[in-house]
Amino acid sequence: MSKNTLTITDNRTGQTYEIPIEHDTIRSLDLRQIKVNKGDFGMMTYDPAYQNTASCKSKITYIDGEKGILHYRGYPIEQLAGQSNFLEVAYLLIFGDLPSQEELNHWTTRILRHTYIHENLAELMKSFRYDAHPMAMLVSSIASLATFHPEATDFDDRQVRQKQMYRILGKLPTIAAFAYRIRIGRPFNYPDSTLGYTGNFLYMLDYLGEHDYEVDPVLARALDILFILHADHEQNCSTSTMRAVGSSRVDPFSAMAAAAAALYGPLHGGANEAVLRMLTQIGDVSNIPAHIERVKKGELRLMGFGHRVYKNYDPRASIIKKAAYEVFEVTGMNPLLDIALELERIALEDDYFVSRKLYPNVDFYSGIIYQAMRFPTDMFPVLFAIPRAAGWLAQWCEMVDDPEQKIARPRQIYLGPAKRNYVPVIQR
């Protein structure tokens with residue numbers, strides 16, 4: 001009769017160990033009993049970048065990379081993107097279930113009431129240089145929120161914790177819009193909660209005093225879909241950062257500033273900008289075959305293809321591709337779309353890419369949409385951070401309530417010199 005254990009034989013000693021298996025994993029600490037000498041530290045696992053190490057148990061996001069499946073709390077991303085809206089999805093991620101109409105109304109109202117930021121923060125943001133990167137402004141401003149709401153450290157109180165969620169989800173679009181307005185040298189537009197979450201954000205970005213100004217509902221809906229698709233994605237770099245920093249019991253604003261800083265990196269939140277640069281460099285459909293050959297030779301990377309988790313077509317990419325056409329009906333066609341479509345067609349028919357499971361990911365089309373909506377490329381990671389805040393908060397709450405979690409403290413394999421005696425400088 002089979003047992004749910006793993007038997008390990010240490011060939012150094014001949015000793016055999018039986019390790020329990022749970023959820024197809026073993027606990028790393030169970031390996032510590034494996035040692036040659038009684039005084040040894042014991043066996044550890046070595047896993048740079050945590051490629052095969054689970055740091056937590058989670059009920060939030062499920063991904064099957066081989067099949068191209070993404071679920072939030074059990075709901076397929078295709079259904080949520082097609083039928084829900086971002087604030088409803090944020091509620092789902094944080095609380096675990098879809099809200100009733102009354103719960104959704106209360107949730108939405110409270111968040112939109114917190115879209116205003118303190119005037120001291122607005123003045124602080126005005127002190128940034130005109131050419132400061134919007135993401136750097138966002139990271140700094142999120143961190144500064146801890147100084148405006150010192151009670152946030154008392155997050156074991158559920159009411160205090162929930163108040164910070166309202167504040168974060170409400171204020172992030174305002175901070176992002178103010179950062180954008182600083183970059184273009186325009187005065188701030190203060191929030192208008194009657195326009196909805198994404199509609200208000202677009203208004204704060206674009207309004208220039210026109211009497212007939214209206215937020216285009218197609219663009220607001222497209223942005224809402226993009227926000228849903230970016231809301232959470234399991235234990236990625238920024239989410240792991242939110243959990244690791246939060247494990248020190250710091251306030252959620254400080255933990256989120258760290259997570260946003262992780263997202264700032266070009267390998268994470270800036271990937272869609274790299275796609276746009278690639279498509280611009282290709283310049284014309286006729287240049288694609290030559291570009292493909294250079295990729296095969298290892299001279300270039302095919303940006304927007306492949307994913308650390310997905311070994312199939314990223315389910316978010318197909319949704320964004322459909323949304324792109326709806327956006328272009330309003331903004332006009334983006335010439336880069338023809339290049340992207342042909343590049344995707346050729347790559348998906350080429351054994352070189354298919355055998356390596358290099359399929360389009362979420363970044364391949366999102367940058368084209370953002371460009372069509374007239375967002376500068378340095379705003380792309382900011383547009384990623386706003387919706388990902390919902391996932392960060394959900395993951396942070398789960399970590400705080402998990403009795404198994406302790407302060408994050410990875411081990412290391414020390415390869416430095418053995419003990420050495422200090423030598424006075426005149427003798428060296």
# chains A, B, ... in the order shown; residues from 1 in each chain; ligands from 1
$ select_by_dssp --residues "region 256-377 of chain A" --states "helix (DSSP H, G or I)" --output "mmCIF file with C-alpha atoms, in the first residue's frame"
data_model
loop_
_atom_site.group_PDB
_atom_site.id
_atom_site.type_symbol
_atom_site.label_atom_id
_atom_site.label_comp_id
_atom_site.auth_asym_id
_atom_site.auth_seq_id
_atom_site.Cartn_x
_atom_site.Cartn_y
_atom_site.Cartn_z
ATOM 1 C CA MET A 256 3.376 48.349 -0.806
ATOM 2 C CA ALA A 257 6.049 50.948 -1.568
ATOM 3 C CA ALA A 258 8.573 48.091 -1.560
ATOM 4 C CA ALA A 259 6.325 46.004 -3.826
ATOM 5 C CA ALA A 260 5.923 48.929 -6.228
ATOM 6 C CA ALA A 261 9.696 49.381 -6.262
ATOM 7 C CA ALA A 262 10.049 45.726 -7.282
ATOM 8 C CA LEU A 263 7.503 46.296 -10.047
ATOM 9 C CA ALA A 271 8.254 44.502 -19.983
ATOM 10 C CA ASN A 272 5.532 45.973 -22.219
ATOM 11 C CA GLU A 273 7.718 49.022 -22.812
ATOM 12 C CA ALA A 274 10.406 46.656 -24.139
ATOM 13 C CA VAL A 275 7.834 45.184 -26.546
ATOM 14 C CA LEU A 276 7.055 48.627 -27.931
ATOM 15 C CA ARG A 277 10.745 49.362 -28.417
ATOM 16 C CA MET A 278 11.146 46.066 -30.287
ATOM 17 C CA LEU A 279 8.161 46.719 -32.579
ATOM 18 C CA THR A 280 9.420 50.245 -33.265
ATOM 19 C CA GLN A 281 12.874 48.950 -34.111
ATOM 20 C CA ILE A 282 11.388 46.382 -36.527
ATOM 21 C CA VAL A 285 6.237 44.015 -41.550
ATOM 22 C CA SER A 286 8.827 43.322 -44.238
ATOM 23 C CA ASN A 287 11.602 43.459 -41.641
ATOM 24 C CA ILE A 288 10.108 40.726 -39.447
ATOM 25 C CA PRO A 289 11.816 37.690 -41.066
ATOM 26 C CA ALA A 290 15.251 39.231 -40.570
ATOM 27 C CA HIS A 291 14.385 40.023 -36.947
ATOM 28 C CA ILE A 292 13.192 36.460 -36.374
ATOM 29 C CA GLU A 293 16.481 35.087 -37.743
ATOM 30 C CA ARG A 294 18.500 37.297 -35.417
ATOM 31 C CA VAL A 295 16.434 36.026 -32.497
ATOM 32 C CA LYS A 296 17.177 32.426 -33.506
ATOM 33 C CA PRO A 315 -4.878 33.632 -21.288
ATOM 34 C CA ARG A 316 -4.600 37.355 -20.575
ATOM 35 C CA ALA A 317 -2.969 37.986 -23.967
ATOM 36 C CA SER A 318 -5.981 36.764 -25.962
ATOM 37 C CA ILE A 319 -8.323 38.987 -23.919
ATOM 38 C CA ILE A 320 -6.104 42.034 -24.405
ATOM 39 C CA LYS A 321 -5.821 41.324 -28.129
ATOM 40 C CA LYS A 322 -9.620 41.530 -28.443
ATOM 41 C CA ALA A 323 -9.732 44.714 -26.340
ATOM 42 C CA ALA A 324 -7.107 46.296 -28.589
ATOM 43 C CA TYR A 325 -9.449 46.337 -31.568
ATOM 44 C CA GLU A 326 -12.173 48.031 -29.524
ATOM 45 C CA VAL A 327 -9.699 50.718 -28.426
ATOM 46 C CA PHE A 328 -8.488 51.291 -31.984
ATOM 47 C CA GLU A 329 -12.053 51.945 -33.130
ATOM 48 C CA VAL A 330 -11.895 55.032 -30.903
ATOM 49 C CA THR A 331 -8.252 56.062 -31.229
ATOM 50 C CA PRO A 335 0.691 51.019 -37.085
ATOM 51 C CA LEU A 336 2.575 48.801 -34.644
ATOM 52 C CA LEU A 337 -0.423 46.452 -34.476
ATOM 53 C CA ASP A 338 0.197 45.143 -38.000
ATOM 54 C CA ILE A 339 3.778 44.346 -37.042
ATOM 55 C CA ALA A 340 2.654 42.657 -33.813
ATOM 56 C CA LEU A 341 0.033 40.517 -35.553
ATOM 57 C CA GLU A 342 2.439 39.332 -38.243
ATOM 58 C CA LEU A 343 5.182 38.719 -35.707
ATOM 59 C CA GLU A 344 2.794 36.616 -33.628
ATOM 60 C CA ARG A 345 1.608 34.672 -36.705
ATOM 61 C CA ILE A 346 5.133 33.804 -37.824
ATOM 62 C CA ALA A 347 6.332 32.904 -34.328
ATOM 63 C CA LEU A 348 3.361 30.614 -33.664
ATOM 64 C CA GLU A 349 4.060 28.718 -36.887
ATOM 65 C CA ASP A 351 9.055 25.205 -34.693
ATOM 66 C CA TYR A 352 11.889 27.144 -33.053
ATOM 67 C CA PHE A 353 9.430 29.105 -30.885
ATOM 68 C CA VAL A 354 6.724 26.452 -30.580
ATOM 69 C CA SER A 355 9.196 23.812 -29.366
ATOM 70 C CA ASP A 363 2.859 42.405 -22.216
ATOM 71 C CA PHE A 364 2.773 41.777 -25.955
ATOM 72 C CA TYR A 365 -0.427 43.738 -26.651
ATOM 73 C CA SER A 366 -0.925 45.845 -23.495
ATOM 74 C CA GLY A 367 1.784 48.351 -24.460
ATOM 75 C CA ILE A 368 0.201 48.883 -27.876
ATOM 76 C CA ILE A 369 -3.131 49.681 -26.206
ATOM 77 C CA TYR A 370 -1.534 52.084 -23.733
ATOM 78 C CA GLN A 371 0.302 53.835 -26.551
ATOM 79 C CA ALA A 372 -2.933 54.145 -28.550
ATOM 80 C CA THR A 377 5.926 54.648 -22.011
#
$ residues_around --residues "Arg243 (chain A)" --least-positions-apart "4" --cutoff "7 Å" --atoms "only C-alpha atoms" --output "list in words"
Thr239, Ser247, Gln395, Trp396 and Met399 of chain A
$ write_last_selection --atoms "C-alpha atoms" --output "PDB file, in the first residue's frame"
ATOM      1  CA  THR A 239       3.934  40.128  -4.646  1.00  0.00           C
ATOM      2  CA  SER A 247       6.240  39.810   7.333  1.00  0.00           C
ATOM      3  CA  GLN A 395      -1.731  38.583  -0.501  1.00  0.00           C
ATOM      4  CA  TRP A 396      -0.677  40.790   2.426  1.00  0.00           C
ATOM      5  CA  MET A 399       0.082  36.503   4.982  1.00  0.00           C
TER       6      MET A 399
END
$ residues_around --residues "Ser58 (chain A)" --least-positions-apart "6" --cutoff "10 Å" --atoms "only C-alpha atoms" --output "ChimeraX atom specification"
/A:73,234-235,395,398-399,402
$ write_last_selection --atoms "C-alpha atoms" --output "short mmCIF file (atom, residue, chain, number, x, y, z; two decimals), in the first residue's frame"
data_model
loop_
_atom_site.label_atom_id
_atom_site.label_comp_id
_atom_site.auth_asym_id
_atom_site.auth_seq_id
_atom_site.Cartn_x
_atom_site.Cartn_y
_atom_site.Cartn_z
CA ARG A 73 -10.52 32.66 -6.27
CA GLU A 234 0.41 34.52 -7.82
CA GLN A 235 3.87 34.81 -6.20
CA GLN A 395 -1.73 38.58 -0.50
CA GLU A 398 -3.50 36.35 3.72
CA MET A 399 0.08 36.50 4.98
CA ASP A 402 -1.49 32.88 8.28
#
$ closest_residue --among "A:His133, A:Gln83, A:Val36, A:Cys56" --to "Ile225 (chain A)" --atoms "only C-alpha atoms"
A:Gln83
$ atom_distance --atom1 "CA of Asp24 (chain A)" --atom2 "CA of Phe305 (chain A)"
29.1 Å
$ closest_residue --among "A:Gly416, A:Ala176, A:Ile63, A:Asp314" --to "Asn236 (chain A)" --atoms "only C-alpha atoms"
A:Ile63
